[in-house]
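Structure data follow from my_file-v1.cif (mmCIF, C-alpha atoms; chains and numbers go by the auth columns):
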```cif
data_entry
loop_
_atom_site.group_PDB
_atom_site.id
_atom_site.type_symbol
_atom_site.label_atom_id
_atom_site.label_comp_id
_atom_site.label_asym_id
_atom_site.label_seq_id
_atom_site.Cartn_x
_atom_site.Cartn_y
_atom_site.Cartn_z
_atom_site.B_iso_or_equiv
_atom_site.auth_seq_id
_atom_site.auth_asym_id
ATOM 1 C CA MET A 1 0.000 0.000 0.000 0.00 10 A
ATOM 2 C CA LEU A 2 1.592 3.256 -1.097 0.00 11 A
ATOM 3 C CA ASN A 3 -1.095 5.836 -0.283 0.00 12 A
ATOM 4 C CA PHE A 4 -2.926 5.932 3.039 0.00 13 A
ATOM 5 C CA ALA A 5 -3.527 7.892 6.227 0.00 14 A
ATOM 6 C CA ALA A 6 -2.335 6.448 9.531 0.00 15 A
ATOM 7 C CA ILE A 7 -4.498 7.564 12.443 0.00 16 A
ATOM 8 C CA ASP A 8 -4.444 7.297 16.212 0.00 17 A
ATOM 9 C CA PHE A 9 -6.820 8.508 18.917 0.00 18 A
ATOM 10 C CA GLU A 10 -6.363 8.924 22.650 0.00 19 A
ATOM 11 C CA THR A 11 -9.434 8.970 24.894 0.00 20 A
ATOM 12 C CA ALA A 12 -10.195 10.824 28.115 0.00 21 A
ATOM 13 C CA ASN A 13 -12.002 7.930 29.754 0.00 22 A
ATOM 14 C CA GLY A 14 -13.449 4.501 29.032 0.00 23 A
ATOM 15 C CA ASN A 15 -16.094 5.868 26.683 0.00 24 A
ATOM 16 C CA PRO A 16 -14.857 5.460 23.074 0.00 25 A
ATOM 17 C CA CYS A 17 -16.460 8.758 22.043 0.00 26 A
ATOM 18 C CA SER A 18 -14.299 10.671 24.561 0.00 27 A
ATOM 19 C CA VAL A 19 -11.510 11.303 22.048 0.00 28 A
ATOM 20 C CA CYS A 20 -9.136 13.922 23.428 0.00 29 A
ATOM 21 C CA SER A 21 -6.410 13.911 20.775 0.00 30 A
ATOM 22 C CA VAL A 22 -5.844 12.703 17.240 0.00 31 A
ATOM 23 C CA GLY A 23 -2.724 12.135 15.213 0.00 32 A
ATOM 24 C CA VAL A 24 -2.772 11.658 11.443 0.00 33 A
ATOM 25 C CA VAL A 25 0.127 10.852 9.127 0.00 34 A
ATOM 26 C CA ILE A 26 -0.429 11.107 5.387 0.00 35 A
ATOM 27 C CA VAL A 27 1.612 8.714 3.244 0.00 36 A
ATOM 28 C CA LYS A 28 1.863 9.196 -0.518 0.00 37 A
ATOM 29 C CA ASN A 29 3.919 6.953 -2.778 0.00 38 A
ATOM 30 C CA GLY A 30 5.274 5.162 0.281 0.00 39 A
ATOM 31 C CA GLU A 31 6.630 8.325 1.925 0.00 40 A
ATOM 32 C CA ILE A 32 5.353 10.444 4.795 0.00 41 A
ATOM 33 C CA LYS A 33 4.151 13.705 3.292 0.00 42 A
ATOM 34 C CA GLU A 34 2.180 15.383 6.060 0.00 43 A
ATOM 35 C CA LYS A 35 1.574 15.139 9.811 0.00 44 A
ATOM 36 C CA PHE A 36 -1.380 16.491 11.792 0.00 45 A
ATOM 37 C CA TYR A 37 -1.964 16.582 15.539 0.00 46 A
ATOM 38 C CA LYS A 38 -4.757 18.198 17.467 0.00 47 A
ATOM 39 C CA LEU A 39 -6.156 18.167 20.973 0.00 48 A
ATOM 40 C CA ILE A 40 -9.919 17.644 21.181 0.00 49 A
ATOM 41 C CA HIS A 41 -12.369 18.784 23.851 0.00 50 A
ATOM 42 C CA PRO A 42 -13.784 15.375 24.836 0.00 51 A
ATOM 43 C CA VAL A 43 -17.411 14.475 25.379 0.00 52 A
ATOM 44 C CA PRO A 44 -17.981 13.485 28.075 0.00 53 A
ATOM 45 C CA ASN A 45 -15.442 15.948 29.481 0.00 54 A
ATOM 46 C CA TYR A 46 -14.182 13.662 32.213 0.00 55 A
ATOM 47 C CA TYR A 47 -10.665 12.249 32.458 0.00 56 A
ATOM 48 C CA SER A 48 -10.257 8.938 34.220 0.00 57 A
ATOM 49 C CA PRO A 49 -7.033 8.623 36.239 0.00 58 A
ATOM 50 C CA ALA A 50 -6.137 5.448 34.300 0.00 59 A
ATOM 51 C CA ASN A 51 -6.313 7.250 30.950 0.00 60 A
ATOM 52 C CA VAL A 52 -4.341 10.229 32.273 0.00 61 A
ATOM 53 C CA GLN A 53 -1.669 7.817 33.471 0.00 62 A
ATOM 54 C CA VAL A 54 -1.435 6.313 29.979 0.00 63 A
ATOM 55 C CA HIS A 55 -1.194 9.472 27.849 0.00 64 A
ATOM 56 C CA GLY A 56 -0.649 12.316 30.313 0.00 65 A
ATOM 57 C CA LEU A 57 -3.443 14.539 28.988 0.00 66 A
ATOM 58 C CA THR A 58 -5.793 16.219 31.457 0.00 67 A
ATOM 59 C CA LYS A 59 -8.958 18.288 31.401 0.00 68 A
ATOM 60 C CA ALA A 60 -6.823 21.436 31.623 0.00 69 A
ATOM 61 C CA ASP A 61 -5.003 20.479 28.402 0.00 70 A
ATOM 62 C CA THR A 62 -8.204 20.232 26.363 0.00 71 A
ATOM 63 C CA GLU A 63 -10.512 22.694 28.120 0.00 72 A
ATOM 64 C CA ASP A 64 -10.226 25.262 25.323 0.00 73 A
ATOM 65 C CA ALA A 65 -9.702 22.788 22.459 0.00 74 A
ATOM 66 C CA ASP A 66 -12.092 22.395 19.540 0.00 75 A
ATOM 67 C CA THR A 67 -14.750 19.696 19.702 0.00 76 A
ATOM 68 C CA PHE A 68 -14.657 16.577 17.540 0.00 77 A
ATOM 69 C CA PRO A 69 -16.786 17.965 14.659 0.00 78 A
ATOM 70 C CA GLU A 70 -14.515 21.001 14.344 0.00 79 A
ATOM 71 C CA VAL A 71 -11.340 18.908 14.398 0.00 80 A
ATOM 72 C CA TRP A 72 -12.774 16.281 12.059 0.00 81 A
ATOM 73 C CA ALA A 73 -13.572 18.970 9.485 0.00 82 A
ATOM 74 C CA GLU A 74 -9.799 19.510 9.242 0.00 83 A
ATOM 75 C CA VAL A 75 -8.928 15.803 9.284 0.00 84 A
ATOM 76 C CA GLU A 76 -11.394 14.791 6.590 0.00 85 A
ATOM 77 C CA GLN A 77 -9.765 17.195 4.140 0.00 86 A
ATOM 78 C CA LEU A 78 -6.393 15.538 4.767 0.00 87 A
ATOM 79 C CA ILE A 79 -7.603 11.946 4.442 0.00 88 A
ATOM 80 C CA GLU A 80 -10.000 12.386 1.530 0.00 89 A
ATOM 81 C CA GLY A 81 -9.956 9.295 -0.672 0.00 90 A
ATOM 82 C CA LEU A 82 -7.360 7.471 1.428 0.00 91 A
ATOM 83 C CA PRO A 83 -7.746 4.223 3.336 0.00 92 A
ATOM 84 C CA LEU A 84 -7.015 4.482 7.056 0.00 93 A
ATOM 85 C CA VAL A 85 -4.346 2.518 8.892 0.00 94 A
ATOM 86 C CA ALA A 86 -4.069 2.055 12.653 0.00 95 A
ATOM 87 C CA HIS A 87 -2.350 -0.301 15.039 0.00 96 A
ATOM 88 C CA PHE A 88 -5.111 -2.372 16.638 0.00 97 A
ATOM 89 C CA SER A 89 -7.542 -0.577 14.335 0.00 98 A
ATOM 90 C CA ARG A 90 -10.582 -1.932 16.156 0.00 99 A
ATOM 91 C CA PHE A 91 -9.932 0.630 18.913 0.00 100 A
ATOM 92 C CA ASP A 92 -9.403 3.638 16.621 0.00 101 A
ATOM 93 C CA GLU A 93 -12.253 2.725 14.277 0.00 102 A
ATOM 94 C CA GLY A 94 -14.478 2.226 17.325 0.00 103 A
ATOM 95 C CA CYS A 95 -13.550 5.669 18.653 0.00 104 A
ATOM 96 C CA LEU A 96 -14.217 7.257 15.295 0.00 105 A
ATOM 97 C CA LYS A 97 -17.618 5.609 14.907 0.00 106 A
ATOM 98 C CA ALA A 98 -18.566 6.462 18.504 0.00 107 A
ATOM 99 C CA ALA A 99 -17.642 10.119 18.029 0.00 108 A
ATOM 100 C CA PHE A 100 -19.626 10.265 14.789 0.00 109 A
ATOM 101 C CA ARG A 101 -22.651 8.774 16.608 0.00 110 A
ATOM 102 C CA ARG A 102 -22.251 11.081 19.620 0.00 111 A
ATOM 103 C CA PHE A 103 -22.317 14.161 17.406 0.00 112 A
ATOM 104 C CA GLU A 104 -25.005 12.729 15.110 0.00 113 A
ATOM 105 C CA MET A 105 -22.751 12.926 12.072 0.00 114 A
ATOM 106 C CA PRO A 106 -23.278 10.497 9.180 0.00 115 A
ATOM 107 C CA TYR A 107 -20.398 8.004 9.151 0.00 116 A
ATOM 108 C CA PRO A 108 -18.831 7.794 5.684 0.00 117 A
ATOM 109 C CA GLY A 109 -17.674 4.167 6.007 0.00 118 A
ATOM 110 C CA TYR A 110 -13.921 4.646 6.109 0.00 119 A
ATOM 111 C CA GLN A 111 -11.873 1.603 5.117 0.00 120 A
ATOM 112 C CA PHE A 112 -9.466 0.582 7.918 0.00 121 A
ATOM 113 C CA TYR A 113 -6.375 -1.624 7.784 0.00 122 A
ATOM 114 C CA CYS A 114 -4.774 -2.957 10.947 0.00 123 A
ATOM 115 C CA THR A 115 -0.993 -3.047 11.356 0.00 124 A
ATOM 116 C CA CYS A 116 -1.356 -5.295 14.420 0.00 125 A
ATOM 117 C CA THR A 117 -3.184 -7.935 12.365 0.00 126 A
ATOM 118 C CA ALA A 118 -0.627 -7.534 9.572 0.00 127 A
ATOM 119 C CA SER A 119 2.200 -7.941 12.087 0.00 128 A
ATOM 120 C CA ARG A 120 0.742 -11.207 13.356 0.00 129 A
ATOM 121 C CA LYS A 121 0.596 -12.512 9.781 0.00 130 A
ATOM 122 C CA VAL A 122 4.050 -11.289 8.737 0.00 131 A
ATOM 123 C CA PHE A 123 6.083 -11.826 11.916 0.00 132 A
ATOM 124 C CA GLY A 124 4.050 -14.465 13.741 0.00 133 A
ATOM 125 C CA ARG A 125 5.941 -15.936 16.698 0.00 134 A
ATOM 126 C CA ALA A 126 9.173 -14.191 15.713 0.00 135 A
ATOM 127 C CA LEU A 127 8.117 -11.327 18.005 0.00 136 A
ATOM 128 C CA PRO A 128 7.440 -11.647 21.737 0.00 137 A
ATOM 129 C CA ASN A 129 4.222 -9.648 21.240 0.00 138 A
ATOM 130 C CA HIS A 130 2.578 -7.464 18.609 0.00 139 A
ATOM 131 C CA LYS A 131 2.263 -4.291 20.651 0.00 140 A
ATOM 132 C CA LEU A 132 2.950 -1.050 18.803 0.00 141 A
ATOM 133 C CA PRO A 133 6.426 -0.360 20.280 0.00 142 A
ATOM 134 C CA THR A 134 7.572 -3.926 19.594 0.00 143 A
ATOM 135 C CA VAL A 135 6.383 -3.981 15.983 0.00 144 A
ATOM 136 C CA ALA A 136 7.613 -0.440 15.326 0.00 145 A
ATOM 137 C CA LYS A 137 11.094 -1.403 16.542 0.00 146 A
ATOM 138 C CA LYS A 138 11.073 -4.493 14.317 0.00 147 A
ATOM 139 C CA CYS A 139 10.241 -2.193 11.382 0.00 148 A
ATOM 140 C CA GLY A 140 13.077 0.211 12.222 0.00 149 A
ATOM 141 C CA TYR A 141 11.102 2.919 14.031 0.00 150 A
ATOM 142 C CA ASP A 142 11.981 3.949 17.596 0.00 151 A
ATOM 143 C CA LEU A 143 8.712 4.894 19.277 0.00 152 A
ATOM 144 C CA GLU A 144 9.882 7.250 22.017 0.00 153 A
ATOM 145 C CA HIS A 145 6.528 8.804 22.944 0.00 154 A
ATOM 146 C CA HIS A 146 4.101 5.894 22.973 0.00 155 A
ATOM 147 C CA HIS A 147 0.499 7.013 23.613 0.00 156 A
ATOM 148 C CA HIS A 148 1.041 10.410 22.021 0.00 157 A
ATOM 149 C CA ALA A 149 -1.439 10.284 19.146 0.00 158 A
ATOM 150 C CA LEU A 150 0.941 11.659 16.524 0.00 159 A
ATOM 151 C CA ALA A 151 3.857 9.442 17.575 0.00 160 A
ATOM 152 C CA ASP A 152 1.611 6.377 17.500 0.00 161 A
ATOM 153 C CA ALA A 153 0.184 7.351 14.092 0.00 162 A
ATOM 154 C CA GLU A 154 3.702 7.800 12.737 0.00 163 A
ATOM 155 C CA ALA A 155 4.730 4.402 14.116 0.00 164 A
ATOM 156 C CA ALA A 156 1.692 2.809 12.461 0.00 165 A
ATOM 157 C CA ALA A 157 2.593 4.558 9.209 0.00 166 A
ATOM 158 C CA MET A 158 6.148 3.235 9.315 0.00 167 A
ATOM 159 C CA ILE A 159 4.913 -0.282 10.033 0.00 168 A
ATOM 160 C CA ALA A 160 2.400 -0.074 7.192 0.00 169 A
ATOM 161 C CA ILE A 161 5.082 1.163 4.776 0.00 170 A
ATOM 162 C CA LYS A 162 7.209 -1.879 5.681 0.00 171 A
ATOM 163 C CA ILE A 163 4.631 -4.698 5.812 0.00 172 A
ATOM 164 C CA LEU A 164 1.327 -3.746 4.177 0.00 173 A
#
```
Once you've parsed the file, please lay out its structure as structure tokens.
Amino acid sequence: MLNFAAIDFETANGNPCSVCSVGVVIVKNGEIKEKFYKLIHPVPNYYSPANVQVHGLTKADTEDADTFPEVWAEVEQLIEGLPLVAHFSRFDEGCLKAAFRRFEMPYPGYQFYCTCTASRKVFGRALPNHKLPTVAKKCGYDLEHHHHALADAEAAAMIAIKIL
């Protein structure tokens, strides 16, 4: 796959519609061409301590951020016509669909590809696990800031360039 958009969401709490940041990496002809990162004012606007511990974002970070529909208006221009790639895509696709439902937006049926599933097929038992940092390292990408939406999207992009 030479042209795609890698995407990653972080959530404020256990509700999949509570997206609080998004990272998008646009790949054209097998090369990263553009990166996008934005904080999102989550709905519901509650941060669980477990989620804060994972990504470090708090209510104060996103208090004045745009809501999902405003941020998605920017994202959809970037990803127009591209398939979406994510590591463990079920999570990111679930967040996206939940946010679309929450804001009563018609879901356009984005096509997702999963780098975790691809890793299991390509590397199998050669890896101790198929977590994003492990697979990224195998593909030559050092994921220093795991659970930062843009860093995770870039890692997924690098994995996809190597194995999809």
> Which residues, written as a list in words, have at least one atom at most 7 Å from segment 94-102 of chain A, with all atoms listed in the file counted and residues fewer than 4 positions away on the same chain left out?
Replying inline: Phe13, Ala14, Ala15, Ile16, Asp17, Phe18, Lys106, Phe121, Tyr122, Cys123, Thr124, Cys125, Leu141, Ala162 and Ala165 of chain A
> Lys68 of chain A: which residues within 9 Å, counting only C-alpha atoms, same-chain residues fewer than 2 positions away excluded, as a PyMOL selection string?
Replying inline: chain A and resi 21+50-51+54-56+66+70-72
> Which is closer to Tyr150 of chain A than all the others in A:Ala169, A:Phe132, A:Asn138, A:Tyr119, using all atoms listed in the file?
Replying inline: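 The closest residue to Tyr150 of chain A is A:Ala169.
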> What does the distance from atom CA of Trp81 of chain A to atom CA of Pro58 of chain A come to in Å, to one decimal?
Replying inline: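 Distance reported for this atom pair: 26.0 Å.
Among the candidate residues A:Met114, A:Val52, A:Met10, A:Val63, the one lying nearest to Pro92 of chain A is A:Met10, with distances computed using all atoms listed in the file.
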>> Taking all atoms listed in the file into account, name the residue in A:Val144, A:Glu40, A:Val34, A:Ala107 that is nearest to Leu87 of chain A.
In response: A:Val34
> Between A:Asn60, A:Ile35, A:Ala108, A:Leu11, which has the minimum distance to Gln86 of chain A (counting all atoms listed in the file)?
Replying inline: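 Of the candidates, the smallest distance to Gln86 of chain A is held by A:Ile35.
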> Pick the closest to Glu43 of chain A from A:Val80, A:Ile88, A:Leu152, A:Ala158: which is it, counting only C-alpha atoms?
Replying inline: A:Ile88
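Put simply, atom CA of Phe109 of chain A is 25.1 Å away from atom CA of Ala164 of chain A.
You can rank A:Cys104, A:Asp75, A:Lys42, A:Ala69 by their closest distance to Thr20 of chain A using all atoms listed in the file, and at the top of that list sits A:Cys104.
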>> I'd like the interatomic distance between atom CA of Asn12 of chain A and atom CA of Arg129 of chain A, to a tenth of an Å.
In response: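 Those two atoms sit 21.9 Å apart.
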>> I'd like the residues picked by the PyMOL selection byres ((chain A and resi 157) around 9) written out as a PyMOL selection string, using the chain letters and numbers from the file.
In response: chain A and resi 17-19+30-32+64-65+154-156+158-162
>> I'd like the contact shell of Ser128 of chain A - 8 Å cut-off, only C-alpha atoms, skipping same-chain residues fewer than 5 positions apart - returned as JSON, numbers by chain.
In response: {"A": [133, 139, 144, 172]}
As lines of an AutoDock Vina configuration file, please report the centre and edge lengths, rounded to one decimal in Å, of the axis-aligned box that holds all listed atoms of segment 109-115 of chain A with 8 Å of padding on each of the six sides.
```
center_x = -22.3
center_y = 11.5
center_z = 14.4
size_x = 21.4
size_y = 21.4
size_z = 26.4
```
Complete the atom set of segment 24-39 of chain A to N, CA, C and O atoms and return it as a PDB file, keeping the file's coordinate frame.
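Result file follows (result.pdb):
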```
ATOM      1  N   ASN A  24     -15.100   5.711  27.736  1.00  0.00           N
ATOM      2  CA  ASN A  24     -16.094   5.868  26.683  1.00  0.00           C
ATOM      3  C   ASN A  24     -15.373   6.115  25.356  1.00  0.00           C
ATOM      4  O   ASN A  24     -14.598   7.069  25.250  1.00  0.00           O
ATOM      5  N   PRO A  25     -15.598   5.288  24.332  1.00  0.00           N
ATOM      6  CA  PRO A  25     -14.857   5.460  23.074  1.00  0.00           C
ATOM      7  C   PRO A  25     -15.118   6.789  22.368  1.00  0.00           C
ATOM      8  O   PRO A  25     -14.300   7.216  21.562  1.00  0.00           O
ATOM      9  N   CYS A  26     -16.210   7.468  22.699  1.00  0.00           N
ATOM     10  CA  CYS A  26     -16.460   8.758  22.043  1.00  0.00           C
ATOM     11  C   CYS A  26     -15.710   9.900  22.727  1.00  0.00           C
ATOM     12  O   CYS A  26     -15.742  11.034  22.247  1.00  0.00           O
ATOM     13  N   SER A  27     -14.985   9.614  23.815  1.00  0.00           N
ATOM     14  CA  SER A  27     -14.299  10.671  24.561  1.00  0.00           C
ATOM     15  C   SER A  27     -12.912  10.979  23.989  1.00  0.00           C
ATOM     16  O   SER A  27     -11.967  11.234  24.737  1.00  0.00           O
ATOM     17  N   VAL A  28     -12.808  11.033  22.670  1.00  0.00           N
ATOM     18  CA  VAL A  28     -11.510  11.303  22.048  1.00  0.00           C
ATOM     19  C   VAL A  28     -10.989  12.662  22.514  1.00  0.00           C
ATOM     20  O   VAL A  28     -11.724  13.646  22.531  1.00  0.00           O
ATOM     21  N   CYS A  29      -9.718  12.675  22.920  1.00  0.00           N
ATOM     22  CA  CYS A  29      -9.136  13.922  23.428  1.00  0.00           C
ATOM     23  C   CYS A  29      -7.920  14.363  22.618  1.00  0.00           C
ATOM     24  O   CYS A  29      -7.419  15.463  22.811  1.00  0.00           O
ATOM     25  N   SER A  30      -7.451  13.511  21.716  1.00  0.00           N
ATOM     26  CA  SER A  30      -6.410  13.911  20.775  1.00  0.00           C
ATOM     27  C   SER A  30      -6.433  12.970  19.582  1.00  0.00           C
ATOM     28  O   SER A  30      -6.882  11.831  19.685  1.00  0.00           O
ATOM     29  N   VAL A  31      -5.937  13.497  18.464  1.00  0.00           N
ATOM     30  CA  VAL A  31      -5.844  12.703  17.240  1.00  0.00           C
ATOM     31  C   VAL A  31      -4.516  13.027  16.560  1.00  0.00           C
ATOM     32  O   VAL A  31      -4.069  14.171  16.552  1.00  0.00           O
ATOM     33  N   GLY A  32      -3.911  11.981  16.033  1.00  0.00           N
ATOM     34  CA  GLY A  32      -2.724  12.135  15.213  1.00  0.00           C
ATOM     35  C   GLY A  32      -2.987  11.494  13.860  1.00  0.00           C
ATOM     36  O   GLY A  32      -3.573  10.416  13.798  1.00  0.00           O
ATOM     37  N   VAL A  33      -2.579  12.167  12.800  1.00  0.00           N
ATOM     38  CA  VAL A  33      -2.772  11.658  11.443  1.00  0.00           C
ATOM     39  C   VAL A  33      -1.466  11.840  10.682  1.00  0.00           C
ATOM     40  O   VAL A  33      -0.850  12.908  10.741  1.00  0.00           O
ATOM     41  N   VAL A  34      -1.064  10.798   9.969  1.00  0.00           N
ATOM     42  CA  VAL A  34       0.127  10.852   9.127  1.00  0.00           C
ATOM     43  C   VAL A  34      -0.288  10.453   7.722  1.00  0.00           C
ATOM     44  O   VAL A  34      -0.811   9.359   7.507  1.00  0.00           O
ATOM     45  N   ILE A  35      -0.066  11.350   6.780  1.00  0.00           N
ATOM     46  CA  ILE A  35      -0.429  11.107   5.387  1.00  0.00           C
ATOM     47  C   ILE A  35       0.773  10.531   4.652  1.00  0.00           C
ATOM     48  O   ILE A  35       1.867  11.107   4.677  1.00  0.00           O
ATOM     49  N   VAL A  36       0.566   9.380   4.008  1.00  0.00           N
ATOM     50  CA  VAL A  36       1.612   8.714   3.244  1.00  0.00           C
ATOM     51  C   VAL A  36       1.197   8.703   1.776  1.00  0.00           C
ATOM     52  O   VAL A  36       0.091   8.273   1.443  1.00  0.00           O
ATOM     53  N   LYS A  37       2.079   9.199   0.934  1.00  0.00           N
ATOM     54  CA  LYS A  37       1.863   9.196  -0.518  1.00  0.00           C
ATOM     55  C   LYS A  37       3.089   8.574  -1.172  1.00  0.00           C
ATOM     56  O   LYS A  37       4.221   8.916  -0.837  1.00  0.00           O
ATOM     57  N   ASN A  38       2.839   7.659  -2.079  1.00  0.00           N
ATOM     58  CA  ASN A  38       3.919   6.953  -2.778  1.00  0.00           C
ATOM     59  C   ASN A  38       4.933   6.348  -1.797  1.00  0.00           C
ATOM     60  O   ASN A  38       6.134   6.381  -2.040  1.00  0.00           O
ATOM     61  N   GLY A  39       4.428   5.839  -0.686  1.00  0.00           N
ATOM     62  CA  GLY A  39       5.274   5.162   0.281  1.00  0.00           C
ATOM     63  C   GLY A  39       6.127   6.068   1.149  1.00  0.00           C
ATOM     64  O   GLY A  39       7.008   5.595   1.851  1.00  0.00           O
TER      65      GLY A  39
END
```
